[in-house]
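The structure file upload_4.csv is reproduced below (CSV, C-alpha atoms).
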```csv
chain,number,residue,atom,x,y,z
A,1392,MET,CA,38.4,-53.4,22.2
A,1393,GLN,CA,35.1,-53.6,20.3
A,1394,ARG,CA,32.2,-54.6,22.3
A,1395,ASN,CA,29.7,-57.1,20.9
A,1396,ASP,CA,26.2,-56.0,21.8
A,1397,ARG,CA,24.4,-58.5,19.6
A,1398,LYS,CA,21.8,-60.4,21.5
A,1399,PRO,CA,22.3,-64.2,21.7
A,1400,PRO,CA,20.0,-66.2,19.4
A,1401,THR,CA,16.7,-67.5,20.9
A,1402,ILE,CA,14.7,-70.6,20.3
A,1403,LYS,CA,12.5,-68.5,18.1
A,1404,ASP,CA,15.5,-67.6,15.9
A,1405,VAL,CA,16.3,-71.3,15.6
A,1406,ALA,CA,12.8,-72.2,14.7
A,1407,ALA,CA,12.6,-69.5,12.0
A,1408,ARG,CA,15.9,-70.6,10.4
A,1409,ALA,CA,14.9,-74.2,10.5
A,1410,GLY,CA,11.5,-73.4,9.0
A,1411,VAL,CA,9.6,-75.2,11.9
A,1412,SER,CA,7.4,-74.1,14.7
A,1413,VAL,CA,8.9,-73.0,18.1
A,1414,MET,CA,7.3,-76.1,19.7
A,1415,THR,CA,9.0,-78.4,17.1
A,1416,ALA,CA,12.3,-76.7,17.6
A,1417,SER,CA,12.0,-77.1,21.4
A,1418,ARG,CA,11.1,-80.8,21.0
A,1419,ALA,CA,14.0,-81.5,18.7
A,1420,ILE,CA,16.5,-79.7,21.0
A,1421,ASN,CA,15.3,-81.6,24.0
A,1422,GLY,CA,15.3,-84.9,22.3
A,1423,LYS,CA,11.5,-85.4,22.4
A,1424,ALA,CA,9.5,-87.7,20.2
A,1425,LEU,CA,7.0,-86.5,17.6
A,1426,VAL,CA,9.7,-84.8,15.5
A,1427,SER,CA,10.4,-86.0,12.0
A,1428,PRO,CA,14.0,-86.8,11.1
A,1429,SER,CA,14.1,-84.0,8.5
A,1430,ALA,CA,12.8,-81.4,11.0
A,1431,ARG,CA,15.3,-82.7,13.6
A,1432,GLN,CA,18.2,-82.3,11.2
A,1433,ALA,CA,17.0,-78.8,10.2
A,1434,VAL,CA,16.9,-77.7,13.8
A,1435,ALA,CA,20.4,-79.2,14.4
A,1436,ARG,CA,21.8,-77.3,11.5
A,1437,ALA,CA,20.1,-74.1,12.7
A,1438,VAL,CA,21.5,-74.5,16.2
A,1439,GLU,CA,25.0,-75.0,14.8
A,1440,ALA,CA,24.8,-72.1,12.4
A,1441,LEU,CA,23.4,-69.6,15.0
A,1442,GLY,CA,25.5,-70.9,17.9
A,1443,TYR,CA,22.3,-71.3,20.0
A,1444,VAL,CA,22.8,-72.3,23.6
A,1445,PRO,CA,19.7,-73.1,25.7
A,1446,ASN,CA,19.3,-70.6,28.5
A,1447,ALA,CA,20.6,-72.4,31.5
A,1448,SER,CA,19.4,-69.8,34.0
A,1449,ALA,CA,15.9,-70.0,32.6
A,1450,ARG,CA,16.0,-73.8,33.0
A,1451,ALA,CA,17.1,-73.4,36.6
A,1452,LEU,CA,14.3,-70.9,37.2
A,1453,ALA,CA,11.8,-73.2,35.6
A,1454,GLY,CA,12.6,-75.7,38.4
A,1455,SER,CA,12.1,-73.2,41.1
A,1456,ALA,CA,9.0,-72.8,43.3
A,1457,ASP,CA,7.9,-69.9,41.0
A,1458,ARG,CA,7.4,-72.5,38.2
A,1459,ARG,CA,4.6,-74.5,39.8
A,1460,VAL,CA,1.8,-75.2,37.4
A,1461,ALA,CA,-1.7,-76.3,38.4
A,1462,LEU,CA,-4.2,-78.6,36.8
A,1463,LEU,CA,-7.5,-77.1,37.8
A,1464,HIS,CA,-10.7,-79.1,37.6
A,1465,SER,CA,-14.3,-79.0,38.6
A,1466,ASN,CA,-16.6,-81.6,40.1
A,1467,SER,CA,-18.2,-82.1,36.6
A,1468,THR,CA,-14.9,-83.5,35.2
A,1469,THR,CA,-15.3,-87.3,35.1
A,1470,SER,CA,-12.8,-89.4,37.0
A,1471,ALA,CA,-11.7,-91.2,33.8
A,1472,TYR,CA,-11.1,-88.0,31.9
A,1473,LEU,CA,-9.3,-86.4,34.8
A,1474,GLY,CA,-7.2,-89.5,35.4
A,1475,GLU,CA,-6.0,-89.5,31.8
A,1476,LEU,CA,-5.1,-85.8,32.1
A,1477,LEU,CA,-3.2,-86.4,35.3
A,1478,LEU,CA,-1.2,-89.3,33.8
A,1479,GLY,CA,-0.1,-87.1,30.9
A,1480,ALA,CA,0.7,-84.1,33.0
A,1481,LEU,CA,2.6,-86.0,35.6
A,1482,ALA,CA,4.7,-87.7,33.0
A,1483,GLU,CA,5.6,-84.4,31.2
A,1484,ALA,CA,6.0,-81.9,34.0
A,1485,PRO,CA,9.3,-83.3,35.3
A,1486,GLN,CA,10.7,-83.4,31.8
A,1487,ARG,CA,10.0,-79.7,31.5
A,1488,HIS,CA,11.4,-78.9,35.0
A,1489,LEU,CA,7.9,-78.0,36.2
A,1490,HIS,CA,6.2,-78.9,39.5
A,1491,LEU,CA,2.6,-80.0,39.1
A,1492,VAL,CA,-0.1,-79.4,41.6
A,1493,VAL,CA,-3.8,-80.3,41.3
A,1494,GLU,CA,-6.5,-77.9,42.4
A,1495,GLN,CA,-10.3,-78.5,42.5
A,1496,CYS,CA,-12.8,-75.6,42.1
A,1497,ALA,CA,-15.2,-75.5,45.0
A,1498,PRO,CA,-18.8,-76.0,43.7
A,1499,GLY,CA,-20.5,-72.7,43.2
A,1500,ALA,CA,-17.3,-70.6,43.6
A,1501,SER,CA,-17.1,-67.4,41.7
A,1502,ALA,CA,-14.3,-66.7,39.1
A,1503,GLN,CA,-12.6,-64.3,41.6
A,1504,GLU,CA,-12.7,-67.0,44.3
A,1505,VAL,CA,-11.1,-69.5,42.0
A,1506,VAL,CA,-8.4,-67.1,41.0
A,1507,ASP,CA,-7.7,-66.3,44.6
A,1508,GLN,CA,-7.4,-70.0,45.3
A,1509,VAL,CA,-5.0,-70.5,42.4
A,1510,ALA,CA,-2.9,-67.5,43.5
A,1511,GLN,CA,-2.6,-68.9,47.0
A,1512,ALA,CA,-1.0,-72.0,45.4
A,1513,HIS,CA,1.8,-69.8,44.0
A,1514,VAL,CA,1.5,-71.1,40.5
A,1515,ALA,CA,2.8,-69.5,37.3
A,1516,GLY,CA,0.5,-71.3,35.0
A,1517,VAL,CA,-2.8,-73.2,34.9
A,1518,ILE,CA,-4.3,-75.9,32.8
A,1519,LEU,CA,-8.1,-75.6,32.3
A,1520,PRO,CA,-9.9,-78.7,31.1
A,1521,PRO,CA,-13.6,-78.6,30.2
A,1522,PRO,CA,-15.8,-76.9,31.2
A,1523,LEU,CA,-13.5,-74.5,32.9
A,1524,CYS,CA,-11.7,-73.8,29.6
A,1525,ASP,CA,-14.8,-71.9,28.4
A,1526,TRP,CA,-15.3,-69.8,31.5
A,1527,SER,CA,-14.1,-66.5,29.9
A,1528,GLU,CA,-14.3,-64.5,33.1
A,1529,LEU,CA,-12.0,-67.0,34.9
A,1530,VAL,CA,-9.5,-67.0,31.9
A,1531,ASP,CA,-9.5,-63.2,31.9
A,1532,LEU,CA,-8.9,-62.8,35.6
A,1533,LEU,CA,-6.1,-65.4,35.6
A,1534,THR,CA,-4.4,-63.5,32.7
A,1535,GLN,CA,-4.7,-60.2,34.5
A,1536,ARG,CA,-2.8,-61.8,37.4
A,1537,ASP,CA,0.0,-62.8,34.9
A,1538,ILE,CA,-0.9,-66.5,35.3
A,1539,ALA,CA,-0.4,-68.3,32.0
A,1540,VAL,CA,-3.4,-70.3,30.9
A,1541,VAL,CA,-3.7,-73.3,28.6
A,1542,ALA,CA,-7.3,-74.3,27.7
A,1543,ILE,CA,-7.9,-78.0,26.9
A,1544,ALA,CA,-10.6,-78.5,24.3
A,1545,PRO,CA,-12.1,-75.0,24.4
A,1546,ASP,CA,-15.0,-74.1,22.2
A,1547,ARG,CA,-13.0,-71.4,20.4
A,1548,ASP,CA,-9.3,-70.7,20.0
A,1549,GLY,CA,-8.2,-67.2,20.7
A,1550,PRO,CA,-5.3,-65.7,18.8
A,1551,ASP,CA,-3.4,-64.8,22.0
A,1552,ARG,CA,-4.4,-67.8,24.1
A,1553,LEU,CA,-2.8,-71.2,24.5
A,1554,SER,CA,-5.0,-74.2,23.8
A,1555,VAL,CA,-4.8,-77.9,23.0
A,1556,GLY,CA,-7.6,-79.9,21.5
A,1557,THR,CA,-9.0,-82.2,18.8
A,1558,ASP,CA,-11.8,-81.7,16.3
A,1559,ASP,CA,-14.8,-83.0,18.2
A,1560,ARG,CA,-17.3,-82.2,15.5
A,1561,HIS,CA,-15.4,-84.1,12.8
A,1562,ALA,CA,-14.7,-87.0,15.1
A,1563,ALA,CA,-18.4,-87.3,15.9
A,1564,TYR,CA,-19.2,-87.0,12.2
A,1565,ASP,CA,-16.8,-89.9,11.4
A,1566,LEU,CA,-18.3,-92.1,14.1
A,1567,ALA,CA,-21.8,-91.4,12.9
A,1568,ARG,CA,-20.8,-92.1,9.3
A,1569,HIS,CA,-19.3,-95.4,10.5
A,1570,LEU,CA,-22.6,-96.5,11.9
A,1571,ILE,CA,-24.5,-95.3,8.8
A,1572,ASP,CA,-22.0,-97.3,6.6
A,1573,LEU,CA,-22.9,-100.4,8.6
A,1574,GLY,CA,-26.5,-99.8,7.6
A,1575,HIS,CA,-27.9,-98.1,10.7
A,1576,ARG,CA,-30.5,-95.4,10.0
A,1577,ARG,CA,-32.2,-95.1,13.4
A,1578,ILE,CA,-29.4,-94.0,15.7
A,1579,GLY,CA,-29.8,-92.8,19.2
A,1580,PHE,CA,-27.5,-90.1,20.7
A,1581,ILE,CA,-26.7,-89.6,24.4
A,1582,GLU,CA,-25.6,-86.0,25.1
A,1583,GLY,CA,-22.9,-85.0,27.5
A,1584,ASN,CA,-22.9,-82.3,30.2
A,1585,PRO,CA,-24.4,-79.2,28.7
A,1586,ARG,CA,-21.7,-77.1,30.5
A,1587,HIS,CA,-19.1,-78.9,28.3
A,1588,ARG,CA,-19.1,-77.3,24.9
A,1589,ALA,CA,-17.5,-80.5,23.5
A,1590,SER,CA,-20.9,-82.1,24.0
A,1591,ALA,CA,-22.6,-79.6,21.7
A,1592,ARG,CA,-19.8,-80.0,19.1
A,1593,ARG,CA,-20.2,-83.8,19.1
A,1594,LEU,CA,-24.0,-83.5,18.7
A,1595,GLN,CA,-23.5,-81.0,15.8
A,1596,GLY,CA,-21.2,-83.5,14.1
A,1597,PHE,CA,-23.8,-86.2,14.6
A,1598,ARG,CA,-26.6,-84.1,13.2
A,1599,ASP,CA,-24.5,-82.9,10.2
A,1600,CYS,CA,-23.6,-86.4,9.3
A,1601,LEU,CA,-27.2,-87.6,9.3
A,1602,ALA,CA,-28.3,-84.6,7.3
A,1603,ASP,CA,-25.5,-85.2,4.7
A,1604,HIS,CA,-26.8,-88.8,4.3
A,1605,GLY,CA,-30.4,-87.8,3.9
A,1606,ILE,CA,-31.5,-89.1,7.4
A,1607,ALA,CA,-33.9,-86.9,9.3
A,1608,VAL,CA,-32.9,-86.3,12.9
A,1609,ASP,CA,-35.5,-87.7,15.3
A,1610,ASP,CA,-35.4,-85.6,18.5
A,1611,ALA,CA,-36.9,-88.5,20.4
A,1612,LEU,CA,-33.6,-90.3,19.7
A,1613,VAL,CA,-31.5,-87.6,21.4
A,1614,ALA,CA,-31.3,-88.2,25.2
A,1615,ALA,CA,-29.9,-86.0,27.8
A,1616,GLY,CA,-26.8,-87.0,29.8
A,1617,ASP,CA,-24.0,-85.4,31.8
A,1618,PHE,CA,-21.1,-87.7,31.0
A,1619,SER,CA,-21.7,-89.8,34.2
A,1620,PHE,CA,-22.4,-93.5,34.2
A,1621,ARG,CA,-25.7,-92.8,36.1
A,1622,SER,CA,-26.9,-90.4,33.4
A,1623,GLY,CA,-26.0,-93.0,30.8
A,1624,LEU,CA,-28.2,-95.6,32.5
A,1625,ASP,CA,-31.2,-93.2,32.5
A,1626,ALA,CA,-30.7,-92.1,28.9
A,1627,ALA,CA,-30.3,-95.7,27.7
A,1628,GLU,CA,-33.5,-96.7,29.5
A,1629,LEU,CA,-35.3,-93.9,27.7
A,1630,LEU,CA,-33.9,-94.8,24.3
A,1631,LEU,CA,-34.4,-98.6,24.6
A,1632,GLY,CA,-37.8,-98.1,26.1
A,1633,LEU,CA,-39.2,-96.4,23.0
A,1634,ALA,CA,-41.9,-98.1,21.0
A,1635,LYS,CA,-39.4,-98.1,18.1
A,1636,PRO,CA,-36.0,-98.1,19.7
A,1637,PRO,CA,-32.8,-97.3,17.8
A,1638,THR,CA,-30.6,-99.9,16.2
A,1639,ALA,CA,-27.5,-98.1,17.4
A,1640,ILE,CA,-26.5,-95.7,20.2
A,1641,PHE,CA,-23.8,-93.1,20.0
A,1642,ALA,CA,-22.9,-92.0,23.5
A,1643,CYS,CA,-20.9,-88.8,24.1
A,1644,ASN,CA,-18.3,-90.6,26.2
A,1645,ASP,CA,-17.3,-94.1,27.2
A,1646,ASP,CA,-18.9,-94.0,30.7
A,1647,MET,CA,-22.3,-93.4,29.2
A,1648,ALA,CA,-21.7,-96.0,26.5
A,1649,ALA,CA,-20.8,-98.5,29.1
A,1650,ALA,CA,-24.0,-97.7,31.0
A,1651,ALA,CA,-25.9,-98.2,27.7
A,1652,ILE,CA,-24.4,-101.7,27.4
A,1653,THR,CA,-25.4,-102.5,30.9
A,1654,VAL,CA,-29.0,-101.5,30.2
A,1655,ALA,CA,-29.0,-103.6,27.0
A,1656,HIS,CA,-27.8,-106.6,28.9
A,1657,GLN,CA,-30.5,-106.1,31.6
A,1658,ARG,CA,-33.0,-106.1,28.8
A,1659,ARG,CA,-31.5,-109.3,27.4
A,1660,LEU,CA,-30.4,-107.6,24.2
A,1661,ASN,CA,-27.3,-108.8,22.5
A,1662,VAL,CA,-24.6,-106.2,21.8
A,1663,PRO,CA,-23.9,-105.9,19.0
A,1664,GLY,CA,-26.3,-108.5,17.6
A,1665,ASP,CA,-29.5,-106.6,18.6
A,1666,ILE,CA,-28.0,-103.1,19.1
A,1667,SER,CA,-24.7,-101.4,18.4
A,1668,ILE,CA,-23.3,-99.1,21.0
A,1669,CYS,CA,-20.3,-96.7,20.6
A,1670,GLY,CA,-18.6,-94.3,22.8
A,1671,PHE,CA,-16.1,-91.4,22.7
A,1672,ASP,CA,-12.7,-90.8,24.4
A,1673,ASP,CA,-11.2,-94.3,24.5
A,1674,THR,CA,-10.6,-94.2,28.2
A,1675,PRO,CA,-9.3,-97.5,29.9
A,1676,LEU,CA,-13.0,-98.5,30.5
A,1677,ALA,CA,-13.6,-98.8,26.8
A,1678,SER,CA,-11.4,-101.9,26.5
A,1679,ALA,CA,-12.2,-103.3,30.0
A,1680,ILE,CA,-15.9,-103.9,29.5
A,1681,TRP,CA,-17.6,-106.6,27.5
A,1682,PRO,CA,-18.1,-106.2,24.7
A,1683,ALA,CA,-15.2,-103.8,24.3
A,1684,LEU,CA,-16.3,-100.5,22.9
A,1685,THR,CA,-16.0,-99.1,19.5
A,1686,THR,CA,-15.1,-95.5,20.2
A,1687,ILE,CA,-13.2,-92.4,19.2
A,1688,ARG,CA,-9.7,-92.3,20.6
A,1689,GLN,CA,-9.2,-88.8,21.9
A,1690,PRO,CA,-5.5,-88.4,22.9
A,1691,ILE,CA,-6.3,-87.1,26.4
A,1692,ARG,CA,-2.9,-87.8,27.9
A,1693,ASP,CA,-1.2,-86.2,24.9
A,1694,MET,CA,-3.3,-83.2,25.3
A,1695,SER,CA,-2.2,-82.6,28.9
A,1696,ARG,CA,1.4,-83.3,27.9
A,1697,GLU,CA,1.1,-80.7,25.1
A,1698,ALA,CA,-0.5,-78.3,27.6
A,1699,ILE,CA,2.6,-78.7,29.9
A,1700,GLY,CA,4.8,-78.1,26.9
A,1701,LEU,CA,3.0,-74.9,25.9
A,1702,LEU,CA,3.4,-73.6,29.5
A,1703,ALA,CA,7.1,-74.4,29.4
A,1704,MET,CA,7.4,-72.6,26.1
A,1705,ARG,CA,5.6,-69.6,27.4
A,1706,PHE,CA,7.9,-69.4,30.4
A,1707,ARG,CA,11.0,-69.8,28.3
A,1708,SER,CA,9.8,-67.0,25.9
A,1709,GLN,CA,9.2,-64.7,28.9
A,1710,ASP,CA,12.7,-65.5,30.3
A,1711,GLU,CA,14.4,-65.0,27.0
A,1712,GLY,CA,12.4,-61.9,26.0
A,1713,SER,CA,11.3,-63.5,22.8
A,1714,GLY,CA,7.8,-63.6,21.3
A,1715,ASP,CA,5.5,-66.6,21.5
A,1716,SER,CA,4.2,-67.9,18.2
A,1717,ILE,CA,2.4,-70.9,19.6
A,1718,ALA,CA,-1.3,-70.4,20.2
A,1719,ALA,CA,-3.2,-73.6,19.4
A,1720,VAL,CA,-2.2,-77.2,19.0
A,1721,LYS,CA,-4.6,-79.6,17.3
A,1722,LEU,CA,-4.1,-83.4,17.8
A,1723,ASP,CA,-5.4,-86.2,15.7
A,1724,TYR,CA,-8.2,-88.5,16.8
A,1725,GLN,CA,-8.8,-92.1,15.7
A,1726,LEU,CA,-11.9,-94.3,15.3
A,1727,ILE,CA,-11.1,-97.5,17.2
A,1728,ARG,CA,-13.4,-100.4,16.2
A,1729,ARG,CA,-13.8,-103.1,18.7
A,1730,GLN,CA,-16.7,-105.6,19.4
A,1731,SER,CA,-19.7,-103.4,20.3
A,1732,ASP,CA,-20.9,-102.5,16.7
A,1733,ALA,CA,-22.2,-104.5,13.8
A,1734,VAL,CA,-24.7,-104.3,10.9
A,1735,PRO,CA,-28.2,-103.8,12.2
A,1736,ALA,CA,-30.3,-106.9,12.9
A,1737,ARG,CA,-33.2,-107.6,10.5
A,1738,HIS,CA,-36.6,-107.1,12.0
```
Turn the structure described in the file into structure tokens.
Amino acid sequence: MQRNDRKPPTIKDVAARAGVSVMTASRAINGKALVSPSARQAVARAVEALGYVPNASARALAGSADRRVALLHSNSTTSAYLGELLLGALAEAPQRHLHLVVEQCAPGASAQEVVDQVAQAHVAGVILPPPLCDWSELVDLLTQRDIAVVAIAPDRDGPDRLSVGTDDRHAAYDLARHLIDLGHRRIGFIEGNPRHRASARRLQGFRDCLADHGIAVDDALVAAGDFSFRSGLDAAELLLGLAKPPTAIFACNDDMAAAAITVAHQRRLNVPGDISICGFDDTPLASAIWPALTTIRQPIRDMSREAIGLLAMRFRSQDEGSGDSIAAVKLDYQLIRRQSDAVPARH
């Protein structure tokens, strides 16, 4: 009797035959959304041709205690941002047979102390939102412990590291261009937490847009913030207290934009009649305040869902002994126009 030593096909084989990414193949096989009909059909044909059968033992293992994953956050992560991340991760984790835990870094903890904390939680993977995603020492130590890491919105993508994000610089560029197209030339900018590299990317996009439109950047119009509502109040007071205040304010997140609207109301300024104010992220606050914020919709929930998916794919590739071709996932952003912006008032 001849023995068949040929290895069974893997999800990577299916993806290669269908001409799609491993992530797309996995989504199609598991009936997930975000897969085009043509890609879904190609994957179905590849599954049939190869005789691919999902690894049941790996799925069972994925539901065991060894397949706990942690969302790790620091005290500089705003509650609105963290809430959106949690909602996405909590929705996706059960679908991927993963158990989600939430861990907070103690203020001032060293990278080694954080790793020890994570190890005690017995997790196989960790999701790192900003600013933890750019803590290279922490990422390296977690990797050395064989703990899979997905960085959300890191400053740079590594060829062998998993990450999910959007293009902050281009998004900020588009929002600044929107204000310029309305006729604004004197635009204030409220920075985010300097520990979050996304803040620097957004400021760079803002500066690039102004430069491309022949508008000199006035450093007096760039105010420090840290993504908190309180810092937005202080920054808006500074900008609106200038002898020649801006006609529009671009805040690095919705919390600070909402604070700027509060300050404008306190000064009896009409928004957007006297001043336009825009935010970033499109958290629930953006549509709950008055006037509702024009903002950049960053798919925060989808980013955490994708992060869970990347971890699941990493675990499956480890179980099946196949390579992992997924490194970085980039999601689209949208400029959402509401009631907080308009053409500048004539003076």
> Counting all atoms listed in the file, which of A:Ala1406, A:Cys1524, A:Val1413, A:Ile1538 gets nearest to Val1434 (chain A)?
Replying inline: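 Under the stated criterion, the closest residue is A:Ala1406.
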> Hey, can you check how far CA of Asn1644 (chain A) sits from CA of Asp1546 (chain A)?
Replying inline: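 CA of Asp1546 (chain A) lies at a distance of 17.3 Å from CA of Asn1644 (chain A).
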> To one decimal place, how far is CA of Gly1579 (chain A) from CA of Gly1474 (chain A) in Å?
Replying inline: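 Separation between CA of Gly1579 (chain A) and CA of Gly1474 (chain A): 28.0 Å.
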> For Tyr1443 (chain A), which residue among A:Asn1584, A:Ser1417, A:Thr1638, A:Ser1622 is the nearest when counting only C-alpha atoms?
Replying inline: A:Ser1417
> Counting all atoms listed in the file, what is within 10 Å of Leu1478 (chain A), bar same-chain residues fewer than 4 positions away, as a list of chain:residue names?
Replying inline: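 These residues fall inside the cut-off: A:Leu1473, A:Gly1474, A:Ala1482, A:Glu1483, A:Ile1691, A:Arg1692, A:Asp1693, A:Ser1695, A:Arg1696.
You will find CA of Gly1410 (chain A) at 23.4 Å from CA of Arg1487 (chain A).
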> Of the residues A:Cys1496, A:Ala1539, A:Leu1726, A:Ala1480, which is the one nearest to Arg1705 (chain A), using only C-alpha atoms?
Replying inline: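 Once distances to Arg1705 (chain A) are computed over only C-alpha atoms, the minimum belongs to A:Ala1539.
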> Looking at A:Leu1523, A:Leu1491, A:Ala1591, A:Val1438, which one is nearest to Thr1468 (chain A), with distances taken over all atoms listed in the file?
Replying inline: A:Leu1523
Counting all atoms listed in the file, which residues have an atom no more than 10 Å from (-14.6, -70.3, 21.9) in the file's coordinates? Please list them as a PDB file with C-alpha atoms, in the frame of the given file.
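Once everything was written out, this is result-v7.pdb:
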```pdb
ATOM      1  CA  CYS A1524     -11.700 -73.800  29.600  1.00  0.00           C
ATOM      2  CA  ASP A1525     -14.800 -71.900  28.400  1.00  0.00           C
ATOM      3  CA  TRP A1526     -15.300 -69.800  31.500  1.00  0.00           C
ATOM      4  CA  SER A1527     -14.100 -66.500  29.900  1.00  0.00           C
ATOM      5  CA  ALA A1544     -10.600 -78.500  24.300  1.00  0.00           C
ATOM      6  CA  PRO A1545     -12.100 -75.000  24.400  1.00  0.00           C
ATOM      7  CA  ASP A1546     -15.000 -74.100  22.200  1.00  0.00           C
ATOM      8  CA  ARG A1547     -13.000 -71.400  20.400  1.00  0.00           C
ATOM      9  CA  ASP A1548      -9.300 -70.700  20.000  1.00  0.00           C
ATOM     10  CA  GLY A1549      -8.200 -67.200  20.700  1.00  0.00           C
ATOM     11  CA  ARG A1588     -19.100 -77.300  24.900  1.00  0.00           C
TER      12      ARG A1588
END
```
> Counting only C-alpha atoms, what is within 8 Å of region 1569-1571 of chain A, bar same-chain residues fewer than 5 positions away, as a ChimeraX atom specification?
Replying inline: /A:1576,1639,1732
Selection from above, C-alpha atoms, as a short mmCIF file (atom, residue, chain, number, x, y, z; two decimals), keeping the file's coordinate frame, can you write it?
```cif
data_model
loop_
_atom_site.label_atom_id
_atom_site.label_comp_id
_atom_site.auth_asym_id
_atom_site.auth_seq_id
_atom_site.Cartn_x
_atom_site.Cartn_y
_atom_site.Cartn_z
CA ARG A 1576 -30.50 -95.40 10.00
CA ALA A 1639 -27.50 -98.10 17.40
CA ASP A 1732 -20.90 -102.50 16.70
#
```
> With distances taken over all atoms listed in the file, which of A:Ala1542, A:Arg1431, A:His1464, A:Tyr1472 is nearest to Val1509 (chain A)?
Replying inline: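 For Val1509 (chain A), the nearest of the given residues is A:His1464.
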> Using only C-alpha atoms, which residues sit within 12 Å of Ala1650 (chain A) once same-chain residues fewer than 3 positions away are excluded, as number ranges by chain?
Replying inline: A: 1581, 1616, 1618-1628, 1640-1647, 1653-1657, 1668-1670, 1676-1677, 1680-1681, 1684
Please list as a PDB file with C-alpha atoms, keeping the file's coordinate frame every residue within 10 Å of Asp1609 (chain A), counting only C-alpha atoms and excluding residues in the same chain fewer than 4 positions away.
```pdb
ATOM      1  CA  ARG A1577     -32.200 -95.100  13.400  1.00  0.00           C
ATOM      2  CA  ILE A1578     -29.400 -94.000  15.700  1.00  0.00           C
ATOM      3  CA  GLY A1579     -29.800 -92.800  19.200  1.00  0.00           C
ATOM      4  CA  PHE A1580     -27.500 -90.100  20.700  1.00  0.00           C
ATOM      5  CA  ARG A1598     -26.600 -84.100  13.200  1.00  0.00           C
ATOM      6  CA  VAL A1613     -31.500 -87.600  21.400  1.00  0.00           C
TER       7      VAL A1613
END
```
> Counting only C-alpha atoms, which residues come within 9 Å of (-30.6, -103.5, 14.5), with the point read in the file's coordinates, and could you list them as an MDAnalysis selection string?
Replying inline: chainID A and resid 1574:1575 1577 1637:1639 1663:1667 1733:1738
> Counting all atoms listed in the file, which of A:Ile1420, A:Met1704, A:Val1514, A:Ala1562 gets nearest to Ala1589 (chain A)?
Replying inline: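 Checking each of A:Ile1420, A:Met1704, A:Val1514, A:Ala1562 against Ala1589 (chain A), counting all atoms listed in the file, the winner is A:Ala1562.
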